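A.B. asks: Dumping the structure here so I can ask a few things about it.
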Amino acid sequence: MSEAKIVLPALTHGQLLILWGVLISAILAIGYGLLLVRIVLAASPGAKSMTDVADAVYEGSMAYLKRQIKTMIVFVIAIAIGLFMMYRSVYPDRLDLSLGIAIAFVLGVSASYGAGFVGMWLAVKGNVRSANAALTSFKNAMELAFQAGGVSGMFTVGLGLLGATIIFLVYQQDAMKVLVGFGFGGSLAALFMRVGGGIYTKAADVGGDLVGKVEAGIPEDDPRNAATIADNVGDNVGDCAGMAADVFESYEVTLVAAIILAAYAVSDKDFQSLYGALAGAFAMKLIVFALILRAVGVFSSILGIMAVRAPAGKMEDPMKPINRGYMVSAISSVIGFFIVNYFYMTDPTTGAPDWRFAITATFGIILAVATLWLTNYFTHPDRGPVIETANSARTGPATLIIAGLGEGMESSTWAAILIVLAIIGALVMFEGSLALQFYGIALTGLGLLTTTGFILAMDTYGPITDNAHGIFEMGGIHQEEASRTLSWMDAIGNTTKALTKGLAIATAVIAAVSLFRSFIDEAPLGSMGVQINAPTVFLGLLIGAAVPFLFSSFAIKAVGRAAYQVVFEVRRQFREHPGIMEGKELPDYGRCVDIVTATAQKELLSPAILAVFAPLLVGFSLGAGALGGFLGGTILTGQLMAVFMANAGANWDNAKKKVEDGYLGGKGTDVHKATVVGDTVGDPFKDTAGPALNPMIKVMNLVGILAAPFTTAQVADFSHGRAFVVILAIVLLAIAVALSKRGSLAEEGAGAAATKAAA
């Protein structure tokens with residue numbers, strides 16, 4: 001049954017009271033975030049030499065984010081208008097629904113940007129304070145960095161839950177028809193911020209490392225390197241703002257998937273046979289249950305953040321207090337699942353609690369813990385894979401790169417198997433009803449992201465500590481113990497970033513699998529499914545599997561070209577201003593900031609166009625079945641590539657940091673130079689293309705759902721409209737490919753060769 005034809009019963013008085021309670025929990029999340037803001041800002045920022053660097057990073061970060069919003073606002077408005085026009089034909093008698101979808105889309109974009117903005121704003125305030133706290137103790141520095149990261153987590157949870165609950169209170173039983181627009185907006189904004197921020201941060205990082213560390217032999221955050229400010233700005237726009245938007249959309253899309261699938265249960269014959277006349281009321285109960293779990297996550301995230309405490313008087317592995325905090329958050333979430341299940345999720349036919357729902361949500365927590373362990377194993381500086389990669393650098397960068405590639409490929413295999421096991425668990429729990437099985441899969445994703453506030457605090461901790469270390473070095477502060485503290489925190493920050501990327505891609509796959517049922521019903525393909533033995537479906541599968549590779553190519557080549565420009569700019573400054581290396585003259589930091597800002601904006605549109613119009617091209621040209629194959633192919637290769645690139649990049653990065661801490665001779669050795677090369681190769685993997693695949697998967701799946709009603713056989717009769725969409729998609733995709741090749745180094749090389757020949 002199409003979503004437009006689903007009719008749910010009105011919310012009961014008790015359910016409305018629950019929704020108001022959920023709304024209060026969202027406000028509580030924002031309130032706790034404000035409390036953390038107060039705690040962080042109360043700490044001293046330290047010496048002027050550090051605050052000057054921090055101020056430059058702050059100004060560059062805010063300027064970039066504002067410029068990105070201006071760049072994308074036209075694109076967002078155009079899509080909002082397009083959604084309104086499309087859904088006027090789906091809901092011809094309900095202007096409020098078609099208008100609501102368009103408005104919800106804009107709100108989703110705004111909330112995603114808002115979550116990223118707030119997280120980044122406090123991160124650039126917290127980094128210098130964490131650096132200054134390291135002069136006092138490891139405990140103060142570590143806890144302050146994590147509390148600053150907690151602001152991002154709590155605002156993301158609060159804004160996401162606030163938006164979804166308000167939409168539900170306004171539209172009530174029709175809310176699931178509007179929420180898809182909210183999820184799509186969040187996903188698209190995350191895609192913009194992930195791609196743009198990722199290009200920015202890694203272009204500066206790669207360019208600065210190649211000239212500074214490899215050629216000039218100076219430390220990573222040496223103030224003589226003109227790319228250092230751009231590098232620190234990039235950590236914030238890519239890893240703070242980008243990841244906050246990414247986790248926000250994961251948070252929203254899993255909720256949207258659960259709500260849509262609960263609504264679809266009404267039309268499922270097995271579900272109706274199980275619950276009879278009570279099927280509609282129980283489906284609404286499933287929807288409200290998903291919102292309650294999100295409220296449970298507010299409290300469990302707060303408890304987890306409060307539990308992150310480092311020991312006084314000594315330095316320990318920063319992962320230990322972070323792991324303790326996560327376990328507090330995870331265990332309190334599971335307890336909350338079962339309490340809510342006992343009081344609310346009772347079987348309507350027997351009146352007894354149906355424990356399958358709490359158990360399935362717990363599968364999500366188990367998947368999260370297993371994913372965290374797996375990622376930690378492949379990326380932690382003291383575990384076998386990183387040590388092996390570091391040792392391989394003894395024979396040069398080639399063997400180091402080979403080792404890291406192998407570790408990344410292996411990790412992606414085990415990550416996929418963990419997701420498969422979690423999905424199998426949901427299928428077994430709800431055997432007997434296909435609708436409940438798909439709801440169970442979405443419930444697993446809800447469980448995994450119950451601790452979203454803590455997960456994002458853990459992620460944002462990474463760029464905060466990276467910036468803190470850089471500000472400390474650029475500020476010219478010389479204290480060995482504090483430097484060692486910040487270096488260790490920075491190394492573990494790489495691992496925490498890799499951990500959260502692993503969780504984000506796991507939720508992307510689970511949400512996409514869940515939403516696939518919605519696509520099947522909207523197409524509609526329920527009677528035949530997606531049969532890959534059909535030629536058009538198989539073609540769709542091939543195209544969908546190829547798109548993540550093209551998407552990654554756009555992002556990685558953009559980083560390479562921008563880094564190329566940064567290298568030449570830093571070399572030019574060293575050559576033309578010898579006083580820079582002597583410490584008598586400051587480099588022109590602004591020039592490198594301008595280079596990476598311009599490149600990030602220029603390269604932003606191609607991946608966004610690909611994500612939106614590739615599924616439209618397949619659906620409108622080859623039909624709904626081919627679009628189903630396309631989505632399946634995208635999910636499969638997107639997941640494998642995302643985990644592979646994230647973990648391989650983090651593995652190379654921490655191999656470098658392990659050597660810099662003294663392993664195999666330490667800094668300045670040939671081994672160190674080899675690890676720097678590996679790190680620069682991994683930078684666009686782990687911080688640009690890899691994490692951007694996560695929102696790309698969800699954008700494509702949501703576009704598929706939104707377009708599904710228009711790709712059916714009945715719509716195919718309107719050949720002029722269908723031809724228009726196909727032609728438009730082809731033209732825009734051709735433009736995307738052309739835009740991705742602007743500034744090609746091949747053209748530059750050809751031009752240089754022609755000039756030389758003429759001379």
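Lettering and numbering for the structure tokens are positional, with chains as A, B, ... in the shown order, residues counted from 1 in each chain, and ligands counted from 1 in the shown order.
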Identify, with DSSP run on backbone atoms, the residues in range 66-276 of chain A assigned to alpha helix (DSSP H), and express the list as a PyMOL selection string.
C.D. replies: chain A and resi 66-90+95-133+138-171+175-209+228-234+242-264+269-275
A.B. asks: Counting only C-alpha atoms, what is within 12 Å of Ala330 in chain A, bar same-chain residues fewer than 2 positions away, as a count of residues only?
C.D. replies: 41
A.B. asks: Report, in Å with one decimal, the straight-line distance from CA of Ile595 in chain A to CA of Ala230 in chain A.
C.D. replies: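 Between these atoms lies a distance of 9.2 Å.
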A.B. asks: Could you check the closest approach to Ala416 in chain A for each of A:Leu83, A:Val537, A:Ala310, A:Met641 and tell me which residue wins, using only C-alpha atoms?
C.D. replies: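 Using only C-alpha atoms, Ala416 in chain A sits closest to A:Met641.
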A.B. asks: Kindly indicate which residue among A:Leu617, A:Val737, A:Val206, A:Leu286 lies nearest to Gln565 in chain A, using only C-alpha atoms for the distances.
C.D. replies: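 Closest to Gln565 in chain A, using only C-alpha atoms: A:Val206.
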A.B. asks: Would you mind reading off the distance between CA of Leu627 in chain A and CA of Ala545 in chain A, one decimal, in Å?
C.D. replies: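 Interatomic distance here is 11.9 Å.
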A.B. asks: Let me make sure I understand: among A:Gly475, A:Thr413, A:Ile387, A:Ile423, which one has the smallest atom-to-atom distance to Leu664 in chain A if we use only C-alpha atoms?
C.D. replies: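 Selected residue with least distance to Leu664 in chain A: A:Ile387.
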A.B. asks: Tell me which of A:Gly666, A:Gly678, A:Pro9, A:Gly384 sits closest to Gln173 in chain A, counting only C-alpha atoms.
C.D. replies: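 So, comparing all the options, the nearest one is A:Pro9.
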A.B. asks: What lies within 9 Å of Ala562 in chain A using only C-alpha atoms, ignoring chain neighbours under 5 positions off, as a ChimeraX atom specification?
C.D. replies: /A:199-200,202-204,207,557,567,595-596,599-600
A.B. asks: So that I have them on file, write out the residues from the current selection with C-alpha atoms, as a compact mmCIF listing (two decimals), in the first residue's frame.
C.D. replies:
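Resulting contents of out_27.txt:
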```
# COMPACT_ATOMS: atom_id res chain seq x y z
CA ILE A 199 37.84 18.67 1.06
CA TYR A 200 38.81 21.74 3.06
CA LYS A 202 42.34 17.33 4.04
CA ALA A 203 43.64 19.64 1.34
CA ALA A 204 45.26 21.81 4.00
CA GLY A 207 49.59 20.00 1.55
CA LYS A 557 40.60 14.18 -6.68
CA VAL A 567 52.13 22.65 -1.62
CA ILE A 595 42.96 28.35 -1.56
CA VAL A 596 41.23 25.55 0.32
CA THR A 599 38.39 24.71 -3.80
CA ALA A 600 35.94 23.27 -1.28
```
A.B. asks: In Å, with one decimal, what is the gap from CA of Lys125 in chain A to CA of Val676 in chain A?
C.D. replies: 28.8 Å
A.B. asks: From the options A:Asn232, A:Thr360, A:Thr389, A:Thr465, which residue's atoms come nearest to Ala134 in chain A, counting only C-alpha atoms?
C.D. replies: A:Thr465
A.B. asks: Applying 8 Å and only C-alpha atoms, which residues near range 64-77 of chain A remain after dropping the ones on its own chain fewer than 6 positions away? List them as number ranges by chain.
C.D. replies: A: 106, 117, 192, 196, 237, 597, 601
A.B. asks: Keeping only N, CA, C and O atoms, write the selected residues as an mmCIF file, in the first residue's frame.
C.D. replies:
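What ended up in out-v6.cif:
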```cif
data_model
loop_
_atom_site.group_PDB
_atom_site.id
_atom_site.type_symbol
_atom_site.label_atom_id
_atom_site.label_comp_id
_atom_site.auth_asym_id
_atom_site.auth_seq_id
_atom_site.Cartn_x
_atom_site.Cartn_y
_atom_site.Cartn_z
ATOM 1 N N VAL A 106 13.176 21.901 4.487
ATOM 2 C CA VAL A 106 13.959 23.088 4.835
ATOM 3 C C VAL A 106 14.338 23.075 6.314
ATOM 4 O O VAL A 106 15.467 23.411 6.691
ATOM 5 N N PHE A 117 26.770 23.882 13.412
ATOM 6 C CA PHE A 117 27.261 25.205 13.802
ATOM 7 C C PHE A 117 27.550 25.274 15.293
ATOM 8 O O PHE A 117 28.616 25.744 15.715
ATOM 9 N N PHE A 192 26.404 17.945 2.096
ATOM 10 C CA PHE A 192 27.107 19.178 1.772
ATOM 11 C C PHE A 192 28.260 19.423 2.746
ATOM 12 O O PHE A 192 29.382 19.734 2.349
ATOM 13 N N GLY A 196 32.158 19.246 1.584
ATOM 14 C CA GLY A 196 32.863 20.524 1.603
ATOM 15 C C GLY A 196 33.894 20.600 2.715
ATOM 16 O O GLY A 196 35.050 20.973 2.492
ATOM 17 N N VAL A 237 35.624 22.497 10.489
ATOM 18 C CA VAL A 237 34.555 22.477 9.487
ATOM 19 C C VAL A 237 34.295 21.055 8.980
ATOM 20 O O VAL A 237 33.179 20.726 8.572
ATOM 21 N N THR A 597 39.456 27.153 0.835
ATOM 22 C CA THR A 597 38.052 27.587 0.884
ATOM 23 C C THR A 597 37.456 27.621 -0.516
ATOM 24 O O THR A 597 36.354 27.104 -0.753
ATOM 25 N N GLN A 601 34.424 25.032 -1.997
ATOM 26 C CA GLN A 601 33.157 25.534 -2.533
ATOM 27 C C GLN A 601 32.972 25.113 -3.991
ATOM 28 O O GLN A 601 31.879 24.753 -4.417
#
```
A.B. asks: When you look at Gly119 in chain A with a cut-off of 7 Å (counting only C-alpha atoms), what residues show up, excluding the ones that are within fewer than 2 positions of it in the same chain? I need them as a ChimeraX atom specification.
C.D. replies: /A:115-117,121-123,151-152,240-241,244
A.B. asks: Just the residues within 7 Å of Ala650 in chain A, please, counting only C-alpha atoms, with nothing from its chain fewer than 2 positions along; format it as a list of chain:residue names.
C.D. replies: A:Thr379, A:Asn494, A:Thr495, A:Ala498, A:Ala646, A:Asn647, A:Ala648, A:Trp652, A:Asp653, A:Asn654, A:Lys686
A.B. asks: With N, CA, C and O atoms kept, could you save the residues just selected as a PDB file, in the first residue's frame?
C.D. replies:
```
ATOM      1  N   THR A 379      42.494   0.333  14.609  1.00  0.00           N
ATOM      2  CA  THR A 379      43.012   1.702  14.531  1.00  0.00           C
ATOM      3  C   THR A 379      43.761   2.179  15.772  1.00  0.00           C
ATOM      4  O   THR A 379      44.387   3.236  15.730  1.00  0.00           O
ATOM      5  N   ASN A 494      42.080  10.325  17.008  1.00  0.00           N
ATOM      6  CA  ASN A 494      41.962   9.678  15.698  1.00  0.00           C
ATOM      7  C   ASN A 494      41.140   8.401  15.794  1.00  0.00           C
ATOM      8  O   ASN A 494      40.342   8.071  14.913  1.00  0.00           O
ATOM      9  N   THR A 495      41.364   7.660  16.883  1.00  0.00           N
ATOM     10  CA  THR A 495      40.612   6.416  17.073  1.00  0.00           C
ATOM     11  C   THR A 495      39.140   6.705  17.342  1.00  0.00           C
ATOM     12  O   THR A 495      38.262   6.044  16.783  1.00  0.00           O
ATOM     13  N   ALA A 498      37.409   7.493  14.181  1.00  0.00           N
ATOM     14  CA  ALA A 498      37.188   6.283  13.389  1.00  0.00           C
ATOM     15  C   ALA A 498      36.041   5.452  13.969  1.00  0.00           C
ATOM     16  O   ALA A 498      35.245   4.867  13.229  1.00  0.00           O
ATOM     17  N   ALA A 646      37.685   4.608   5.968  1.00  0.00           N
ATOM     18  CA  ALA A 646      37.787   5.205   7.306  1.00  0.00           C
ATOM     19  C   ALA A 646      38.844   4.492   8.142  1.00  0.00           C
ATOM     20  O   ALA A 646      39.681   5.132   8.794  1.00  0.00           O
ATOM     21  N   ASN A 647      38.823   3.165   8.136  1.00  0.00           N
ATOM     22  CA  ASN A 647      39.750   2.418   8.984  1.00  0.00           C
ATOM     23  C   ASN A 647      41.173   2.387   8.424  1.00  0.00           C
ATOM     24  O   ASN A 647      42.144   2.446   9.177  1.00  0.00           O
ATOM     25  N   ALA A 648      41.321   2.295   7.103  1.00  0.00           N
ATOM     26  CA  ALA A 648      42.661   2.338   6.516  1.00  0.00           C
ATOM     27  C   ALA A 648      43.315   3.687   6.809  1.00  0.00           C
ATOM     28  O   ALA A 648      44.491   3.759   7.194  1.00  0.00           O
ATOM     29  N   TRP A 652      46.765   4.271   9.096  1.00  0.00           N
ATOM     30  CA  TRP A 652      47.963   4.983   8.645  1.00  0.00           C
ATOM     31  C   TRP A 652      48.282   6.163   9.562  1.00  0.00           C
ATOM     32  O   TRP A 652      49.442   6.406   9.903  1.00  0.00           O
ATOM     33  N   ASP A 653      47.249   6.910   9.948  1.00  0.00           N
ATOM     34  CA  ASP A 653      47.448   8.091  10.784  1.00  0.00           C
ATOM     35  C   ASP A 653      48.065   7.712  12.129  1.00  0.00           C
ATOM     36  O   ASP A 653      49.032   8.326  12.596  1.00  0.00           O
ATOM     37  N   ASN A 654      47.520   6.682  12.758  1.00  0.00           N
ATOM     38  CA  ASN A 654      48.037   6.300  14.072  1.00  0.00           C
ATOM     39  C   ASN A 654      49.373   5.574  13.983  1.00  0.00           C
ATOM     40  O   ASN A 654      50.149   5.568  14.944  1.00  0.00           O
ATOM     41  N   LYS A 686      39.884   8.842   5.058  1.00  0.00           N
ATOM     42  CA  LYS A 686      39.188   8.777   6.345  1.00  0.00           C
ATOM     43  C   LYS A 686      38.377  10.017   6.680  1.00  0.00           C
ATOM     44  O   LYS A 686      37.447   9.951   7.492  1.00  0.00           O
TER      45      LYS A 686
END
```
A.B. asks: Got a sec: who's within 9 Å of Ile520 in chain A, counting only C-alpha atoms, leaving out chain neighbours fewer than 5 positions off, as a list in words?
C.D. replies: Leu515, Leu525, Gly526, Gly529, Val530, Ala624, Gly625, Gly628, Ile705 and Ala708 of chain A
A.B. asks: Save the residues we just selected, all heavy atoms, as a PDB file, in the first residue's frame?
C.D. replies:
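So selection.pdb came out as:
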```pdb
ATOM      1  N   LEU A 515      14.419   1.324   5.099  1.00  0.00           N
ATOM      2  CA  LEU A 515      13.675   2.154   4.156  1.00  0.00           C
ATOM      3  C   LEU A 515      13.385   1.439   2.843  1.00  0.00           C
ATOM      4  O   LEU A 515      12.502   1.857   2.092  1.00  0.00           O
ATOM      5  CB  LEU A 515      14.462   3.440   3.873  1.00  0.00           C
ATOM      6  CG  LEU A 515      14.514   4.453   5.017  1.00  0.00           C
ATOM      7  CD1 LEU A 515      15.527   5.542   4.710  1.00  0.00           C
ATOM      8  CD2 LEU A 515      13.148   5.056   5.268  1.00  0.00           C
ATOM      9  N   LEU A 525       6.224  -2.639  -5.603  1.00  0.00           N
ATOM     10  CA  LEU A 525       6.851  -3.854  -6.108  1.00  0.00           C
ATOM     11  C   LEU A 525       6.595  -5.040  -5.169  1.00  0.00           C
ATOM     12  O   LEU A 525       7.302  -6.039  -5.228  1.00  0.00           O
ATOM     13  CB  LEU A 525       8.362  -3.643  -6.256  1.00  0.00           C
ATOM     14  CG  LEU A 525       8.816  -2.607  -7.289  1.00  0.00           C
ATOM     15  CD1 LEU A 525      10.294  -2.299  -7.106  1.00  0.00           C
ATOM     16  CD2 LEU A 525       8.546  -3.104  -8.701  1.00  0.00           C
ATOM     17  N   GLY A 526       5.604  -4.896  -4.304  1.00  0.00           N
ATOM     18  CA  GLY A 526       5.362  -5.923  -3.292  1.00  0.00           C
ATOM     19  C   GLY A 526       5.073  -7.293  -3.862  1.00  0.00           C
ATOM     20  O   GLY A 526       5.456  -8.315  -3.293  1.00  0.00           O
ATOM     21  N   GLY A 529       8.783  -8.016  -5.957  1.00  0.00           N
ATOM     22  CA  GLY A 529      10.076  -7.722  -5.363  1.00  0.00           C
ATOM     23  C   GLY A 529      11.036  -7.136  -6.380  1.00  0.00           C
ATOM     24  O   GLY A 529      10.651  -6.720  -7.477  1.00  0.00           O
ATOM     25  N   VAL A 530      12.307  -7.117  -6.032  1.00  0.00           N
ATOM     26  CA  VAL A 530      13.351  -6.618  -6.926  1.00  0.00           C
ATOM     27  C   VAL A 530      14.128  -7.828  -7.426  1.00  0.00           C
ATOM     28  O   VAL A 530      14.959  -8.383  -6.720  1.00  0.00           O
ATOM     29  CB  VAL A 530      14.281  -5.627  -6.195  1.00  0.00           C
ATOM     30  CG1 VAL A 530      15.375  -5.138  -7.131  1.00  0.00           C
ATOM     31  CG2 VAL A 530      13.487  -4.445  -5.653  1.00  0.00           C
ATOM     32  N   ALA A 624      10.887   1.301 -11.798  1.00  0.00           N
ATOM     33  CA  ALA A 624      10.987   1.116 -10.352  1.00  0.00           C
ATOM     34  C   ALA A 624      11.886  -0.058  -9.982  1.00  0.00           C
ATOM     35  O   ALA A 624      12.645   0.007  -9.014  1.00  0.00           O
ATOM     36  CB  ALA A 624       9.594   0.927  -9.760  1.00  0.00           C
ATOM     37  N   GLY A 625      11.794  -1.160 -10.727  1.00  0.00           N
ATOM     38  CA  GLY A 625      12.619  -2.326 -10.424  1.00  0.00           C
ATOM     39  C   GLY A 625      14.098  -2.012 -10.537  1.00  0.00           C
ATOM     40  O   GLY A 625      14.908  -2.403  -9.683  1.00  0.00           O
ATOM     41  N   GLY A 628      15.204  -0.039  -7.625  1.00  0.00           N
ATOM     42  CA  GLY A 628      15.429  -0.924  -6.478  1.00  0.00           C
ATOM     43  C   GLY A 628      16.806  -1.574  -6.535  1.00  0.00           C
ATOM     44  O   GLY A 628      17.515  -1.651  -5.532  1.00  0.00           O
ATOM     45  N   ILE A 705      12.697   6.843  -2.368  1.00  0.00           N
ATOM     46  CA  ILE A 705      11.351   6.771  -1.788  1.00  0.00           C
ATOM     47  C   ILE A 705      10.483   7.915  -2.290  1.00  0.00           C
ATOM     48  O   ILE A 705       9.316   7.720  -2.663  1.00  0.00           O
ATOM     49  CB  ILE A 705      11.443   6.799  -0.251  1.00  0.00           C
ATOM     50  CG1 ILE A 705      12.068   5.500   0.255  1.00  0.00           C
ATOM     51  CG2 ILE A 705      10.069   6.991   0.382  1.00  0.00           C
ATOM     52  CD1 ILE A 705      12.361   5.500   1.733  1.00  0.00           C
ATOM     53  N   ALA A 708       9.639   7.211  -5.934  1.00  0.00           N
ATOM     54  CA  ALA A 708       9.021   5.920  -6.258  1.00  0.00           C
ATOM     55  C   ALA A 708       7.618   6.030  -6.854  1.00  0.00           C
ATOM     56  O   ALA A 708       7.314   5.336  -7.833  1.00  0.00           O
ATOM     57  CB  ALA A 708       9.005   5.025  -5.012  1.00  0.00           C
TER      58      ALA A 708
END
```
A.B. asks: Please determine, counting only C-alpha atoms, which residue among A:Asn651, A:Ala283, A:Ser411, A:Ser267 has the shortest atom-to-atom distance to Pro381 in chain A.
C.D. replies: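 Checking each candidate against Pro381 in chain A, we get A:Asn651 as the closest.
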